[in-house]
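Trainee: Here it is: the structure, laid out below.
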Amino acid sequence: MSDSQGGTVEGDPHRATQTVFNVIGKPRRRVDARAKVTGRTEFADDMTLPRMLHCRLLRSHLPHARIKAIDTTAAAAAPGVKLVLTGEHFPVAYGILPVSQDEHPLAREVVRHVGDPVAAVIATTEEEAQAGVELINVDYEVLTTIASSEQALETPSPQIHDYAQEGNVHKRVALEFGDVDEALAGAAHVFEDTFFYQGNTHLPIEQHASLAAVDPDGKLALWSSTQTPHYVHRALSKALELPGHRIRVIATPNGGGFGGKSDPFNHEIVVCKAALLLDRPVKICLNREEVFYCHRGRHPVLMRFKTGVDADGKIVGMDLETLLDGGAFGSYGVASTFYTGALQTVTYTIPRYRFRGCRTFTNKPACGPKRGHGTVQPRFGQEIQLDKIAVALDKNPAALRQSMLAQPDSLTANYLQIRTIGLGECLEQVVAGSEFNQRWGKLPEGRGLGLACSSYLTGAGLPIYWNKMPHSGVQLRLDRMGAVTAFCGATEIGQGSDDVLAGCVAEILGIDPHDIHLRTGATDITPIDLGSYSSRVTLMMGNAAIEAAERARELLAKAVAAKLEIPAARIGFSGRRVFDIQDPDTGYTFQEACVEAEAMFGTLGTVGSYRPPRSPARFKGGGVGPSPTYSYSASVVEVEVDPETGWIHVPKIWIAHDIGRSLNPTLVRGQVEGSVYMGLGEALMEEQTFRRLPPKRSHAVVHKFPSLLEYKSPTALDMPEIVTYLIEDPDPTGPFGAKEVGQGPLLPIMPAIANAVFDAVGVRVDETPISPEKILRALDAKAKGKPGRTGPKSFPQIPWPEPFRVKPPWEGGDGRADNAPPPSKKRVELEEGSGAKGVQA
Amino acid sequence: MSSKILETFHVNGEQVEAAFGPHKTLLEVLREDLDLPGTKHGCELGECGACAVLVDGEPVLSCLLLGVEAVGREIVTVEGLADDDRLHPLQDAFADLGGAQCGYCTPGILVTAKALLDAHPQPTRPQIEEALSGNLCRCTGYLQIFESVEEAARRAAEVTS
């Protein structure tokens, strides 16, 4: 009899060792598929309510200016206009991180980027609201515009934010694990390379939309396309000075998120305020240009890697510096900064490691988390540099990587706890599938293969505000009709979180996932889940779901066992039946079992919760990077490059992903291919870039192409053949052994393409996007006898602080910094900004 | 604001009356005046394909067509694909094979694929890629969408043979 039908496995709370399944691992129709293919999934802008009003925002046309006066008289008197709001209505600041409470729903005193909202008009129709917006007069005093990280470093004044660490440097961080200078001095070879990763944006096809209303009982309700309803709930409570229990936030299904709907947004708070003041529903839907200006996307990052290797090419020490262009607000930026240095050590053994990162404020839309948050940019640099090392030392790039893989169940130099590693097998699969060893370096001119690896978090180990509460909670109700309802705050952004929830519960109760009612992402009825970010949902919600379902199973098993007069351990669950596993024909239907259990125990309800294990890191900054476990990916990309035009064509990609356990292979494959697709776009064409208008036309920093037509993204005609390998080595921390898949497979694509271009035409493009023009520039340089390379030439001098020095575990370290006190033990900070100065996400 | 006009539309096999501003696009009329929110918008500039509907059997970007221009023509939206409680083969295939992730581009892709299958019941992969090249999807990487269209064609052939 299968272990899924029997009881739980001792010492395996997450069922990682289970091998026989009812539901898990079988490709199947996701539970919300019917709604999606019939057009009945209700997105935020699909909702209407009686007496609903519409909101439009006046946005700054200047990148940096002081607001001297706002005249709203004409707008307020315009036809249909019910209310005009300005920064005066919003005295309280908010922001996603406790350390960066630097946003107001509408600008007060200063506008910080083109697109920064200044006023809101609420009217009977959207047209009337927009007409009202155009009647508002703002008197600005223009301030110096800070357009780039380099300019921010050179221009301490005017400050974009007065809380910045120094001038327009938002944050500088420095960490050192072992004596890196000594390691580099003793290295057989030291490689120094600079790379630039261009900013790009999420581009969800659904534009952000929010609908606020006052419930009949006077409480505030917000339906919004958000990935993080709990954090929006907290921001609303703070910014509106309203007790949290007077507010409910419902995350509507997101029409794509990719990290772009993870911040609490100004427009969400604005429509709530308007609904409260007018006691009428108020809706806003951003237009596409506004979505580009909301941004929170990939940070542009300049980086310098100095890597020492031994005679065999194995890394002995690495020194990494990163410079992030943060845009106008903090957003997740402090976490993003730490993430540019967090995961280098998780793929390959790096005995000594120093990381220094700097984030600047600039007068552009704020950057934040995009798929692979902060780890994508340095992964690009690290994997290209490894390729250069392999070429320089005449090594096979795959063999070089295989020779120094990080080890399972080990601590890295920066105290990240690695569990299972499927990276070696990932590498073997893509190398074999692509015949890399036979073909790399041997293809005709213009064709090439490139290889890269990566790793990613399976959920951030710490919540955004530190506390001891669960990161995810699941509640189940069962009743005499045989109905099972699963409640969880997790947010469906298209990735399939609802299906994971239903799948985990159905597996344990022996029913079909489609039998289960789901209520998710609604703060008034669902237990808190922190949101769809950091690839955390499958592991954290899944584990909470397993715990809740095990408890429900125990109630049903006890009730049926009593009726059958056998031990509860002999009760099995499968095929909507609850039965004696020694005599499977003897038993009850699932509904009958519910009746017996309700009769025995009363109303049936169970809960489950999950909190990640504590990280061994005890140094400040050690809060970014820990995760219950890490996923791994490897990819080989084949390219064709026309040396005459620089045109790149990608005919085929091999990708292997260490998933731990694939819960629903149809969805897993979709996440892998979707990640590859997004990586292809970032590598070849996508860029969120800006230009300055001429001085006589305001000199503003404006988006080069804030439209879906001109911001190029891959279409159906651009997709290569993708060969996907799923490596299943169940991880003890994951639900049924599962790890993340939503973000990790994106990471190796961009460097693999860059490495393939080198194999094809012998030039390096050390920045994204890898455009034909940059390839041609490198080819031209090479033809003139110069280095065949396009990329940044230098890294600016940054006055780095003294790093916190932490001895690696193998040098006797205990996770504490030698030269700084450990962070306060008082980590339970329930009030934002009240002193939780550590950094998380 | 301009006053409304009253017109009769042929939508999803039904005749329905709507009073709407004559400046409104077909997309707006469908979503706001005909109670058919299944059709989505991603740009309202004809760039993303999310708002595609069929007009006289041809895929049309409803954000680029005025509502008044669609009067008297046969309009099919995602709500009109299923035959009562029986999903269209495309809908079944997309549901089974991961053709829809977030589901936001899905209505536009489904109707565009329907026009393709109506014209080419057994399309080649390049024909599918070409037909869907104006519909942006950010989730799937398109491959499961292509496979869903192929599977729908295969199932439809089975039913008719």
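We label chains A, B, ... in the order they appear in the structure tokens, count residues from 1 in each chain, and number ligands from 1 in the order shown.
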Determine, counting only C-alpha atoms, which protein, DNA and RNA residues have an atom within 6 Å of an atom of region 705-716 of chain A; residues of the same chain fewer than 2 positions away are not included. Present the result as a PyMOL selection string.

Mentor: (chain A and resi 289+292+681+685-686+703+718-719) or (chain B and resi 47+129+133)

Trainee: Name the residues in contact with Gln101 (chain B) at a cut-off of 10 Å, using only C-alpha atoms, excluding same-chain residues fewer than 3 positions from it; report them as a list in words.

Mentor: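 The residues satisfying every condition are Arg30, Asp32, Ala33, Lys36, Val37, Gly255, Gly256, Glu492, Ile493, Gly494, Gln495, Gly496, Leu667, Gly670, Gln671 and Gly674 of chain A; Phe94, Ala95, Gly98, Tyr104, Cys105, Thr106, Cys137, Arg138, Cys139, Thr140, Gln144 and Ile145 of chain B.
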
Trainee: Show me, as an NGL selection string, the residues of chain B whose atoms get within 9 Å of chain A, using only C-alpha atoms for the distance check.

Mentor: :B and (1 or 31 or 37-48 or 50 or 78-82 or 87 or 90-92 or 94-107 or 110 or 126 or 128-144 or 146)

Trainee: Can you pull out the residues contacting Leu26 (chain B)? Cut-off 8 Å, using only C-alpha atoms, and skip same-chain residues under 4 positions away; I want them as a PyMOL selection string.

Mentor: chain B and resi 30+62-68+70

Trainee: Enumerate the residues of region 203-366 of chain A with a DSSP assignment of strand (DSSP E or B), computed from the backbone, and present them as JSON, numbers by chain.

Mentor: {"A": [209, 210, 211, 212, 213, 214, 220, 221, 222, 223, 224, 247, 248, 249, 250, 251, 282, 283, 284, 285, 301, 302, 303, 304, 305, 306, 307, 308, 309, 315, 316, 317, 318, 319, 320, 321, 322, 323, 324, 325, 348, 353, 354, 355, 356, 357, 358, 359, 360]}

Trainee: For CA of His514 (chain A) and CA of Phe736 (chain A), quote the distance in Å rounded to one decimal.

Mentor: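 Separation between CA of His514 (chain A) and CA of Phe736 (chain A): 19.4 Å.
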
Trainee: Distance CA of Arg246 (chain A)-CA of Thr606 (chain A), one decimal place?

Mentor: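 Between these atoms lies a distance of 25.7 Å.
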
Trainee: Do you know which residues are at most 8 Å from region 783-794 of chain A counting only C-alpha atoms, after dropping those on the same chain fewer than 3 positions away, and could you put them as a PyMOL selection string?

Mentor: chain A and resi 194-196+302+762-767+774-775+777-780
